[in-house]
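Here the structure comes first, spelled out in structure tokens, and everything after it is commentary.
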Amino acid sequence: MSSSITKVAIAGATGNLGPSVLKQLLEDGFKVTVLTRKGATHTFPPSVTTAEIDYNSPESLEKALSGQDAVVSTVGFGGLSYQPSLVQAAVKVGVKRFIPSEFGGDAENEKTASLPPLHAKKAVTDLLKKEAAAGSITYTSISTGPFLDMAVQYGIAINVKGRKITLWDGGDRPISMTTIAYIAKAVSEVLKHPEETKNRNVHVHNVNLTLKELLEQAKKVVGPEGWTSEVKSTEENLKHAYAELEKGGNATMQFLVTAIFGEGYGSDFKNVDNKLLGIKEFTGEELQDHIKRFAN
Ligand SMILES: NC(=O)c1ccc[n+]([C@@H]2O[C@H](COP(=O)([O-])OP(=O)(O)OC[C@H]3O[C@@H](n4cnc5c(N)ncnc54)[C@H](OP(=O)(O)O)[C@@H]3O)[C@@H](O)[C@H]2O)c1
């Protein structure tokens, strides 16, 4: 099995993360095929090949993945249940590397994996490990922490516009976060470093800081006045999430909040692969520039 990867198929190239991954792979010279679902109306650059797939048809997946060196999945929560079919098709046609749609907290953390919305991610990682152990494929999962962009833009970590912050459990726990652009770079660099990233979970982050430290950085951008903060418990939040689920509601975001900010969920990356994958650790000024984008 040659280790060089040139042909890459992407599933879910049209959401929050996928377009940046597609752009980065094209910039880095990969030959990219985007898997599209029937009826899709998205348009892609002329250098992209598209392959129509039906996730319920193994034949259509095998046809689309035939000749590909790698599959990158950036499917959202709605598409996670289709990933095992994608892995099975990739194995069948001899794809070398599979990058599953992880892109969250530590993909190896058992406490996180036990949360209901993340069961489908664990299932695909387990399948990939089994296939990798049998020598049928290789995989890399990429742990990034919350997307720094979305965490600031949508007030998940801090609401800069509204000058509000929830200090989960007091706000003293460090959290690793990465921007979408750098996550896309991590995907591309993994494919350029297949041996160093083979059959393991890589970790990247641009920042590793507490919510209190994030608040101090935001104050440097928009000023110290007018801020309100509240302290909430991630354990209480988790109880509410299970209660909501019990009632048949959608508690995905609530579960994710506990996974991001709770104790023992692995959001504080100690050993990162930044150097191998060319991921920048932001200075205070660089973080402030990032916060500025979402300040008005
Ligand atoms: N750490 C974080 O802060 C953070 C934030 C956001 C996302 N993420 C993770 O990053 C990954 C991508 O998330 P995203 O927000 O980019 O996802 P998304 O925008 O919700 O969806 C990405 C793509 O998945 C495909 N998809 C969505 N629903 C589907 C369904 N029901 N069936 C089949 N395909 C479906 C669609 O692509 P097509 O229409 O092209 O097939 C869609 O454009 C996920 O693993 C997510 O958990 C992490």
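Convention: chains lettered A, B, ... in structure tokens order; per-chain residue numbering from 1; ligands numbered from 1 as shown.
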Counting only C-alpha atoms and all ligand atoms, which residues in chain A sit no more than 7 Å from ligand 1? For each one, give the nearest pair of atoms and the distance in Å, sorted by chain then residue number, as a tab-separated table.
```
residue	atom	partner	partner_atom_place_in_ligand_line	distance
A:Ala11	CA	ligand 1	41 (O)	6.2
A:Gly12	CA	ligand 1	37 (O)	3.4
A:Ala13	CA	ligand 1	40 (O)	5.0
A:Thr14	CA	ligand 1	43 (O)	3.9
A:Gly15	CA	ligand 1	19 (O)	3.2
A:Asn16	CA	ligand 1	16 (O)	3.6
A:Leu17	CA	ligand 1	16 (O)	3.9
A:Gly18	CA	ligand 1	16 (O)	5.7
A:Leu35	CA	ligand 1	41 (O)	6.9
A:Thr36	CA	ligand 1	40 (O)	5.4
A:Arg37	CA	ligand 1	41 (O)	5.4
A:Ala40	CA	ligand 1	39 (O)	6.6
A:Thr74	CA	ligand 1	12 (C)	4.5
A:Val75	CA	ligand 1	24 (O)	3.3
A:Gly76	CA	ligand 1	17 (O)	3.2
A:Phe77	CA	ligand 1	47 (O)	5.9
A:Gly78	CA	ligand 1	31 (N)	3.6
A:Gly79	CA	ligand 1	32 (N)	3.7
A:Tyr82	CA	ligand 1	33 (C)	6.8
A:Ser101	CA	ligand 1	45 (O)	4.1
A:Glu102	CA	ligand 1	45 (O)	4.5
A:Phe103	CA	ligand 1	10 (O)	4.9
A:Gly104	CA	ligand 1	1 (N)	3.8
A:Gly105	CA	ligand 1	1 (N)	6.6
A:Thr144	CA	ligand 1	1 (N)	6.4
A:Gly145	CA	ligand 1	1 (N)	5.1
A:Pro146	CA	ligand 1	3 (O)	3.2
A:Phe147	CA	ligand 1	3 (O)	3.8
A:Met150	CA	ligand 1	3 (O)	6.4
A:Ala151	CA	ligand 1	3 (O)	6.5
```
Take the selection from the previous step and output its residues with N, CA and C atoms, as a PDB file, in the first residue's frame.
```
ATOM      1  N   ALA A  11     -17.297  13.917   2.022  1.00  0.00           N
ATOM      2  CA  ALA A  11     -18.739  13.788   2.294  1.00  0.00           C
ATOM      3  C   ALA A  11     -19.144  14.942   3.187  1.00  0.00           C
ATOM      4  N   GLY A  12     -20.215  15.632   2.828  1.00  0.00           N
ATOM      5  CA  GLY A  12     -20.689  16.754   3.651  1.00  0.00           C
ATOM      6  C   GLY A  12     -19.896  18.024   3.425  1.00  0.00           C
ATOM      7  N   ALA A  13     -19.554  18.284   2.146  1.00  0.00           N
ATOM      8  CA  ALA A  13     -18.668  19.421   1.831  1.00  0.00           C
ATOM      9  C   ALA A  13     -19.377  20.773   1.863  1.00  0.00           C
ATOM     10  N   THR A  14     -20.648  20.794   2.274  1.00  0.00           N
ATOM     11  CA  THR A  14     -21.434  22.020   2.076  1.00  0.00           C
ATOM     12  C   THR A  14     -21.901  22.696   3.363  1.00  0.00           C
ATOM     13  N   GLY A  15     -21.450  22.238   4.516  1.00  0.00           N
ATOM     14  CA  GLY A  15     -21.966  22.808   5.771  1.00  0.00           C
ATOM     15  C   GLY A  15     -21.090  23.901   6.339  1.00  0.00           C
ATOM     16  N   ASN A  16     -20.936  23.909   7.656  1.00  0.00           N
ATOM     17  CA  ASN A  16     -20.108  24.928   8.326  1.00  0.00           C
ATOM     18  C   ASN A  16     -18.620  24.690   8.074  1.00  0.00           C
ATOM     19  N   LEU A  17     -18.213  23.430   8.172  1.00  0.00           N
ATOM     20  CA  LEU A  17     -16.787  23.091   8.083  1.00  0.00           C
ATOM     21  C   LEU A  17     -16.364  22.677   6.665  1.00  0.00           C
ATOM     22  N   GLY A  18     -17.232  21.904   5.985  1.00  0.00           N
ATOM     23  CA  GLY A  18     -16.862  21.298   4.703  1.00  0.00           C
ATOM     24  C   GLY A  18     -16.294  22.257   3.661  1.00  0.00           C
ATOM     25  N   LEU A  35     -18.857  14.256  -2.701  1.00  0.00           N
ATOM     26  CA  LEU A  35     -20.007  13.342  -2.748  1.00  0.00           C
ATOM     27  C   LEU A  35     -21.272  14.179  -2.587  1.00  0.00           C
ATOM     28  N   THR A  36     -22.155  14.080  -3.558  1.00  0.00           N
ATOM     29  CA  THR A  36     -23.386  14.886  -3.479  1.00  0.00           C
ATOM     30  C   THR A  36     -24.589  13.956  -3.388  1.00  0.00           C
ATOM     31  N   ARG A  37     -25.593  14.415  -2.639  1.00  0.00           N
ATOM     32  CA  ARG A  37     -26.822  13.627  -2.520  1.00  0.00           C
ATOM     33  C   ARG A  37     -27.794  14.039  -3.609  1.00  0.00           C
ATOM     34  N   ALA A  40     -29.275  17.633  -4.801  1.00  0.00           N
ATOM     35  CA  ALA A  40     -28.461  18.733  -4.268  1.00  0.00           C
ATOM     36  C   ALA A  40     -28.284  19.814  -5.331  1.00  0.00           C
ATOM     37  N   THR A  74     -17.097  15.353   6.637  1.00  0.00           N
ATOM     38  CA  THR A  74     -17.428  16.522   7.463  1.00  0.00           C
ATOM     39  C   THR A  74     -18.949  16.615   7.592  1.00  0.00           C
ATOM     40  N   VAL A  75     -19.608  15.457   7.592  1.00  0.00           N
ATOM     41  CA  VAL A  75     -21.073  15.474   7.715  1.00  0.00           C
ATOM     42  C   VAL A  75     -21.471  15.995   9.099  1.00  0.00           C
ATOM     43  N   GLY A  76     -22.611  16.654   9.145  1.00  0.00           N
ATOM     44  CA  GLY A  76     -23.129  17.174  10.408  1.00  0.00           C
ATOM     45  C   GLY A  76     -23.859  16.080  11.179  1.00  0.00           C
ATOM     46  N   PHE A  77     -24.459  16.455  12.316  1.00  0.00           N
ATOM     47  CA  PHE A  77     -25.109  15.453  13.163  1.00  0.00           C
ATOM     48  C   PHE A  77     -26.146  14.627  12.396  1.00  0.00           C
ATOM     49  N   GLY A  78     -26.874  15.294  11.468  1.00  0.00           N
ATOM     50  CA  GLY A  78     -27.901  14.586  10.694  1.00  0.00           C
ATOM     51  C   GLY A  78     -27.337  13.450   9.853  1.00  0.00           C
ATOM     52  N   GLY A  79     -26.076  13.567   9.451  1.00  0.00           N
ATOM     53  CA  GLY A  79     -25.491  12.582   8.540  1.00  0.00           C
ATOM     54  C   GLY A  79     -24.587  11.567   9.227  1.00  0.00           C
ATOM     55  N   TYR A  82     -24.823   7.769   8.666  1.00  0.00           N
ATOM     56  CA  TYR A  82     -24.431   7.201   7.358  1.00  0.00           C
ATOM     57  C   TYR A  82     -22.938   6.866   7.292  1.00  0.00           C
ATOM     58  N   SER A 101     -15.958  12.330  10.739  1.00  0.00           N
ATOM     59  CA  SER A 101     -16.450  13.636  11.179  1.00  0.00           C
ATOM     60  C   SER A 101     -16.417  13.705  12.706  1.00  0.00           C
ATOM     61  N   GLU A 102     -15.250  13.990  13.229  1.00  0.00           N
ATOM     62  CA  GLU A 102     -15.074  14.173  14.686  1.00  0.00           C
ATOM     63  C   GLU A 102     -15.089  15.665  14.974  1.00  0.00           C
ATOM     64  N   PHE A 103     -13.908  16.311  14.869  1.00  0.00           N
ATOM     65  CA  PHE A 103     -13.787  17.764  14.951  1.00  0.00           C
ATOM     66  C   PHE A 103     -14.484  18.368  16.179  1.00  0.00           C
ATOM     67  N   GLY A 104     -14.257  17.727  17.316  1.00  0.00           N
ATOM     68  CA  GLY A 104     -14.825  18.242  18.564  1.00  0.00           C
ATOM     69  C   GLY A 104     -13.806  18.070  19.671  1.00  0.00           C
ATOM     70  N   GLY A 105     -14.305  17.764  20.865  1.00  0.00           N
ATOM     71  CA  GLY A 105     -13.404  17.501  21.993  1.00  0.00           C
ATOM     72  C   GLY A 105     -12.608  16.226  21.743  1.00  0.00           C
ATOM     73  N   THR A 144     -10.288  18.933  17.871  1.00  0.00           N
ATOM     74  CA  THR A 144     -10.028  20.360  17.656  1.00  0.00           C
ATOM     75  C   THR A 144     -10.543  21.248  18.777  1.00  0.00           C
ATOM     76  N   GLY A 145     -11.393  20.676  19.644  1.00  0.00           N
ATOM     77  CA  GLY A 145     -12.140  21.514  20.582  1.00  0.00           C
ATOM     78  C   GLY A 145     -13.192  22.298  19.818  1.00  0.00           C
ATOM     79  N   PRO A 146     -13.942  23.178  20.522  1.00  0.00           N
ATOM     80  CA  PRO A 146     -14.954  23.979  19.835  1.00  0.00           C
ATOM     81  C   PRO A 146     -14.340  24.814  18.713  1.00  0.00           C
ATOM     82  N   PHE A 147     -15.133  25.049  17.660  1.00  0.00           N
ATOM     83  CA  PHE A 147     -14.667  25.940  16.593  1.00  0.00           C
ATOM     84  C   PHE A 147     -14.609  27.343  17.199  1.00  0.00           C
ATOM     85  N   MET A 150     -17.213  29.805  15.696  1.00  0.00           N
ATOM     86  CA  MET A 150     -18.609  29.629  16.090  1.00  0.00           C
ATOM     87  C   MET A 150     -18.794  29.894  17.586  1.00  0.00           C
ATOM     88  N   ALA A 151     -17.779  29.561  18.371  1.00  0.00           N
ATOM     89  CA  ALA A 151     -17.867  29.743  19.825  1.00  0.00           C
ATOM     90  C   ALA A 151     -17.994  31.222  20.191  1.00  0.00           C
TER      91      ALA A 151
END
```
Near stretch 56-60 of chain A, counting only C-alpha atoms, which residues have an atom at most 9 Å away, once you skip same-chain residues fewer than 6 positions from it, shown as a PyMOL selection string?
chain A and resi 82+85-86+88-89
Resulting file, chosen residues, C-alpha atoms, as a JSON list (two decimals), in the first residue's frame:
```json
[["chain", "number", "residue", "atom", "x", "y", "z"],
["A", 82, "TYR", "CA", -24.43, 7.20, 7.36],
["A", 85, "SER", "CA", -21.81, 2.72, 5.25],
["A", 86, "LEU", "CA", -19.18, 5.13, 4.00],
["A", 88, "GLN", "CA", -17.62, -0.10, 4.67],
["A", 89, "ALA", "CA", -17.62, 1.14, 1.07]]
```
Within 10 Å of A:Phe44, counting only C-alpha atoms, which residues qualify if same-chain residues fewer than 5 places away don't, as a ChimeraX atom specification?
/A:13-14,19,22-23,34,49-50
Residue selection dump (C-alpha atoms) as a compact mmCIF listing (two decimals), in the first residue's frame:
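Okay, part25.txt is ready:
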```
# COMPACT_ATOMS: atom_id res chain seq x y z
CA ALA A 13 -18.67 19.42 1.83
CA THR A 14 -21.43 22.02 2.08
CA PRO A 19 -16.39 24.32 2.38
CA LEU A 22 -12.64 21.68 0.30
CA LYS A 23 -10.93 25.05 -0.30
CA VAL A 34 -17.31 15.88 -3.61
CA THR A 49 -15.33 16.33 -9.53
CA THR A 50 -18.75 15.52 -8.16
```
Could you please determine the separation between atom CA of A:Pro84 and atom CA of A:Ala123 in Å, to one decimal place?
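Answer for the atom CA of A:Pro84 to atom CA of A:Ala123 separation: 7.9 Å.
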Contact table stretch 173-265 of chain A vs stretch 272-290 of chain A, cut-off 8 Å, shortest pair per residue, only C-alpha atoms, as a Markdown table:
```
| residue | atom | partner | partner_atom | distance |
| --- | --- | --- | --- | --- |
| A:Tyr182 | CA | A:Ile279 | CA | 6.4 |
| A:Lys185 | CA | A:Ile279 | CA | 7.6 |
| A:Ala186 | CA | A:Leu277 | CA | 5.8 |
| A:Glu189 | CA | A:Leu277 | CA | 5.3 |
| A:Val190 | CA | A:Leu277 | CA | 6.8 |
| A:Val202 | CA | A:Asp273 | CA | 6.1 |
| A:His203 | CA | A:Val272 | CA | 4.8 |
| A:Val204 | CA | A:Val272 | CA | 5.2 |
| A:His205 | CA | A:Glu281 | CA | 6.9 |
| A:Asn206 | CA | A:Glu281 | CA | 4.4 |
| A:Val207 | CA | A:Phe282 | CA | 5.9 |
| A:Gln217 | CA | A:Gln288 | CA | 6.2 |
| A:Ala218 | CA | A:Gln288 | CA | 6.7 |
| A:Lys220 | CA | A:Gln288 | CA | 7.4 |
| A:Val221 | CA | A:Gln288 | CA | 6.1 |
```
Hey, which of A:Asn199, A:Ser188, A:Asn109, A:Asn208 ends up closest to A:Ile5? Count only C-alpha atoms.
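Checking each of A:Asn199, A:Ser188, A:Asn109, A:Asn208 against A:Ile5, counting only C-alpha atoms, the winner is A:Ser188.
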Quick one: residues within 10 Å of stretch 232-240 of chain A, only C-alpha atoms, excluding same-chain residues fewer than 4 positions away - as an NGL selection string?
:A and (115 or 166-171 or 244-246 or 251 or 254-263)
Computed interatomic separation between atom CA of A:Tyr139 and atom CA of A:Ile99 (Å)
5.8 Å
Select from stretch 45-265 of chain A everything DSSP, run on the backbone, classes as strand (DSSP E), then give the selection as an MDAnalysis selection string.
chainID A and resid 49:53 70:73 97:99 138:143 164:168 175:177 200:203 207:209 228:232
Taking N, CA and C atoms for each residue, export the selection above as a compact mmCIF listing (two decimals), in the first residue's frame.
```txt
# COMPACT_ATOMS: atom_id res chain seq x y z
N THR A 49 -14.48 17.36 -8.93
CA THR A 49 -15.33 16.33 -9.53
C THR A 49 -16.47 16.07 -8.56
N THR A 50 -17.66 15.88 -9.07
CA THR A 50 -18.75 15.52 -8.16
C THR A 50 -19.19 14.09 -8.46
N ALA A 51 -19.63 13.40 -7.43
CA ALA A 51 -20.14 12.04 -7.61
C ALA A 51 -21.44 11.93 -6.83
N GLU A 52 -22.53 11.65 -7.53
CA GLU A 52 -23.81 11.55 -6.82
C GLU A 52 -23.86 10.21 -6.07
N ILE A 53 -24.23 10.30 -4.82
CA ILE A 53 -24.31 9.09 -4.00
C ILE A 53 -25.67 9.00 -3.32
N ALA A 70 -8.27 8.70 -0.17
CA ALA A 70 -8.75 9.06 1.18
C ALA A 70 -10.18 9.54 1.11
N VAL A 71 -10.87 9.38 2.24
CA VAL A 71 -12.21 9.94 2.42
C VAL A 71 -12.17 10.85 3.63
N VAL A 72 -12.66 12.07 3.44
CA VAL A 72 -12.82 12.99 4.57
C VAL A 72 -14.31 13.19 4.77
N SER A 73 -14.79 12.92 5.97
CA SER A 73 -16.20 13.14 6.25
C SER A 73 -16.35 14.37 7.14
N ARG A 97 -7.04 5.92 3.58
CA ARG A 97 -7.20 6.68 4.84
C ARG A 97 -8.63 7.23 4.97
N PHE A 98 -9.18 7.12 6.15
CA PHE A 98 -10.51 7.68 6.42
C PHE A 98 -10.39 8.68 7.57
N ILE A 99 -10.86 9.89 7.33
CA ILE A 99 -10.94 10.90 8.42
C ILE A 99 -12.42 11.08 8.74
N THR A 138 -6.71 2.65 6.96
CA THR A 138 -6.13 3.40 8.08
C THR A 138 -7.05 4.59 8.35
N TYR A 139 -6.94 5.14 9.56
CA TYR A 139 -7.80 6.27 9.90
C TYR A 139 -7.02 7.32 10.69
N THR A 140 -7.53 8.54 10.70
CA THR A 140 -7.05 9.56 11.63
C THR A 140 -8.28 10.32 12.11
N SER A 141 -8.47 10.43 13.42
CA SER A 141 -9.51 11.33 13.90
C SER A 141 -8.83 12.62 14.35
N ILE A 142 -9.53 13.73 14.17
CA ILE A 142 -8.93 15.04 14.45
C ILE A 142 -9.74 15.73 15.55
N SER A 143 -9.09 15.92 16.69
CA SER A 143 -9.74 16.59 17.82
C SER A 143 -9.30 18.05 17.83
N LYS A 164 -21.85 39.44 27.31
CA LYS A 164 -22.33 38.47 28.31
C LYS A 164 -21.46 37.23 28.27
N ILE A 165 -21.30 36.61 29.40
CA ILE A 165 -20.59 35.33 29.43
C ILE A 165 -21.17 34.44 30.53
N THR A 166 -21.28 33.17 30.22
CA THR A 166 -21.61 32.19 31.26
C THR A 166 -20.30 31.53 31.69
N LEU A 167 -19.98 31.69 32.95
CA LEU A 167 -18.75 31.08 33.47
C LEU A 167 -19.12 29.70 34.00
N TRP A 168 -19.01 28.70 33.12
CA TRP A 168 -19.40 27.34 33.49
C TRP A 168 -18.52 26.83 34.62
N ILE A 175 -9.71 25.40 28.12
CA ILE A 175 -10.38 24.74 26.98
C ILE A 175 -9.55 24.99 25.73
N SER A 176 -9.38 23.97 24.93
CA SER A 176 -8.70 24.11 23.64
C SER A 176 -9.72 24.46 22.58
N MET A 177 -9.38 25.42 21.71
CA MET A 177 -10.28 25.79 20.61
C MET A 177 -9.46 26.06 19.34
N ARG A 200 -4.51 7.03 14.49
CA ARG A 200 -4.52 7.69 15.80
C ARG A 200 -5.38 8.95 15.77
N ASN A 201 -5.56 9.46 16.97
CA ASN A 201 -6.33 10.67 17.19
C ASN A 201 -5.35 11.82 17.33
N VAL A 202 -5.38 12.78 16.40
CA VAL A 202 -4.48 13.93 16.54
C VAL A 202 -5.24 15.07 17.22
N HIS A 203 -4.50 15.89 17.94
CA HIS A 203 -5.09 17.04 18.64
C HIS A 203 -4.48 18.32 18.11
N VAL A 207 -5.89 28.05 20.59
CA VAL A 207 -5.83 28.63 21.94
C VAL A 207 -6.18 27.56 22.96
N ASN A 208 -5.65 27.73 24.15
CA ASN A 208 -6.02 26.90 25.29
C ASN A 208 -6.11 27.86 26.46
N LEU A 209 -7.34 28.20 26.82
CA LEU A 209 -7.49 29.20 27.88
C LEU A 209 -8.81 29.02 28.61
N THR A 228 -21.92 41.50 31.72
CA THR A 228 -22.59 40.72 32.76
C THR A 228 -22.12 39.28 32.66
N SER A 229 -21.99 38.65 33.79
CA SER A 229 -21.60 37.23 33.78
C SER A 229 -22.45 36.47 34.77
N GLU A 230 -22.64 35.20 34.49
CA GLU A 230 -23.34 34.34 35.45
C GLU A 230 -22.58 33.03 35.55
N VAL A 231 -22.66 32.41 36.71
CA VAL A 231 -22.00 31.13 36.91
C VAL A 231 -23.07 30.05 36.85
N LYS A 232 -22.81 29.01 36.03
CA LYS A 232 -23.76 27.89 35.94
C LYS A 232 -22.99 26.59 36.09
```
According to DSSP computed on the backbone, where in stretch 99-293 of chain A is there helix (DSSP H, G or I)? Give the residues as a PyMOL selection string.
chain A and resi 110-113+116-133+148-153+180-192+211-222+234-246+252-261+274-277+284-292
What would the file look like if the residues just selected were written as a short mmCIF file (atom, residue, chain, number, x, y, z; two decimals), in the first residue's frame with C-alpha atoms?
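Output file again_29.cif is given in full below:
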```cif
data_model
loop_
_atom_site.label_atom_id
_atom_site.label_comp_id
_atom_site.auth_asym_id
_atom_site.auth_seq_id
_atom_site.Cartn_x
_atom_site.Cartn_y
_atom_site.Cartn_z
CA GLU A 110 -14.98 7.95 27.20
CA LYS A 111 -17.04 10.43 29.23
CA THR A 112 -17.72 12.51 26.10
CA ALA A 113 -18.44 9.41 24.02
CA PRO A 116 -26.17 10.47 23.60
CA PRO A 117 -25.49 12.87 20.67
CA LEU A 118 -21.94 11.52 20.42
CA HIS A 119 -22.77 7.79 20.32
CA ALA A 120 -22.79 7.85 16.50
CA LYS A 121 -19.28 9.35 16.42
CA LYS A 122 -17.98 6.65 18.79
CA ALA A 123 -19.60 3.93 16.65
CA VAL A 124 -17.69 5.01 13.55
CA THR A 125 -14.39 5.35 15.43
CA ASP A 126 -14.85 1.84 16.84
CA LEU A 127 -15.57 0.52 13.34
CA LEU A 128 -12.49 2.25 11.94
CA LYS A 129 -10.31 0.84 14.72
CA LYS A 130 -11.60 -2.65 13.99
CA GLU A 131 -10.96 -2.31 10.26
CA ALA A 132 -7.54 -0.72 10.86
CA ALA A 133 -6.58 -3.59 13.20
CA LEU A 148 -13.27 29.24 17.84
CA ASP A 149 -15.24 31.12 15.16
CA MET A 150 -18.61 29.63 16.09
CA ALA A 151 -17.87 29.74 19.82
CA VAL A 152 -17.49 33.55 19.62
CA GLN A 153 -19.95 34.25 16.79
CA ILE A 180 -12.40 26.57 11.04
CA ALA A 181 -9.56 27.68 8.73
CA TYR A 182 -6.98 25.94 10.91
CA ILE A 183 -9.14 22.81 11.21
CA ALA A 184 -9.21 22.69 7.40
CA LYS A 185 -5.42 23.02 7.41
CA ALA A 186 -5.17 20.17 9.93
CA VAL A 187 -7.20 17.92 7.60
CA SER A 188 -4.94 18.70 4.66
CA GLU A 189 -1.76 18.27 6.70
CA VAL A 190 -2.93 14.90 8.02
CA LEU A 191 -3.28 13.75 4.41
CA LYS A 192 0.22 15.09 3.68
CA LEU A 211 -13.44 31.38 30.12
CA LYS A 212 -12.20 34.01 32.57
CA GLU A 213 -9.08 34.52 30.42
CA LEU A 214 -11.25 34.70 27.29
CA LEU A 215 -13.35 37.38 29.00
CA GLU A 216 -10.20 39.40 29.77
CA GLN A 217 -9.15 39.18 26.10
CA ALA A 218 -12.62 40.28 24.96
CA LYS A 219 -12.53 43.24 27.34
CA LYS A 220 -9.30 44.35 25.65
CA VAL A 221 -11.21 44.41 22.35
CA VAL A 222 -14.52 46.07 23.32
CA THR A 234 -22.29 21.80 33.86
CA GLU A 235 -23.65 18.94 36.02
CA GLU A 236 -27.01 20.72 36.40
CA ASN A 237 -26.95 21.47 32.66
CA LEU A 238 -26.41 17.77 31.98
CA LYS A 239 -29.41 16.82 34.14
CA HIS A 240 -31.56 19.27 32.14
CA ALA A 241 -30.22 17.80 28.88
CA TYR A 242 -31.24 14.26 29.90
CA ALA A 243 -34.64 15.53 31.09
CA GLU A 244 -35.18 17.26 27.74
CA LEU A 245 -34.18 14.09 25.89
CA GLU A 246 -36.58 12.07 28.05
CA THR A 252 -27.80 18.23 21.49
CA MET A 253 -26.43 21.69 22.25
CA GLN A 254 -26.99 21.24 25.99
CA PHE A 255 -25.05 17.97 25.96
CA LEU A 256 -22.28 19.61 23.94
CA VAL A 257 -22.00 22.48 26.44
CA THR A 258 -21.25 19.99 29.21
CA ALA A 259 -18.82 18.13 26.92
CA ILE A 260 -16.99 21.39 26.19
CA PHE A 261 -16.93 22.98 29.64
CA ASN A 274 0.36 21.60 16.21
CA LYS A 275 4.00 21.39 15.18
CA LEU A 276 3.55 18.39 12.89
CA LEU A 277 0.44 19.89 11.28
CA GLY A 284 -3.13 37.42 22.86
CA GLU A 285 -3.14 39.97 20.01
CA GLU A 286 -4.08 37.32 17.43
CA LEU A 287 -6.94 36.12 19.61
CA GLN A 288 -8.10 39.72 20.04
CA ASP A 289 -8.05 40.18 16.23
CA HIS A 290 -10.22 37.06 15.97
CA ILE A 291 -12.65 38.32 18.63
CA LYS A 292 -12.82 41.70 16.83
#
```
What does the structure give for the distance between atom CA of A:Pro45 and atom CA of A:Leu26, in Å to one decimal?
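Computed distance, atom CA of A:Pro45 to atom CA of A:Leu26, equals 9.3 Å.
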Rank nothing, just name the residue among A:Ser267, A:Gln83, A:Gln24, A:Asn159 nearest to A:Pro174, using only C-alpha atoms.
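Once distances to A:Pro174 are computed over only C-alpha atoms, the minimum belongs to A:Ser267.
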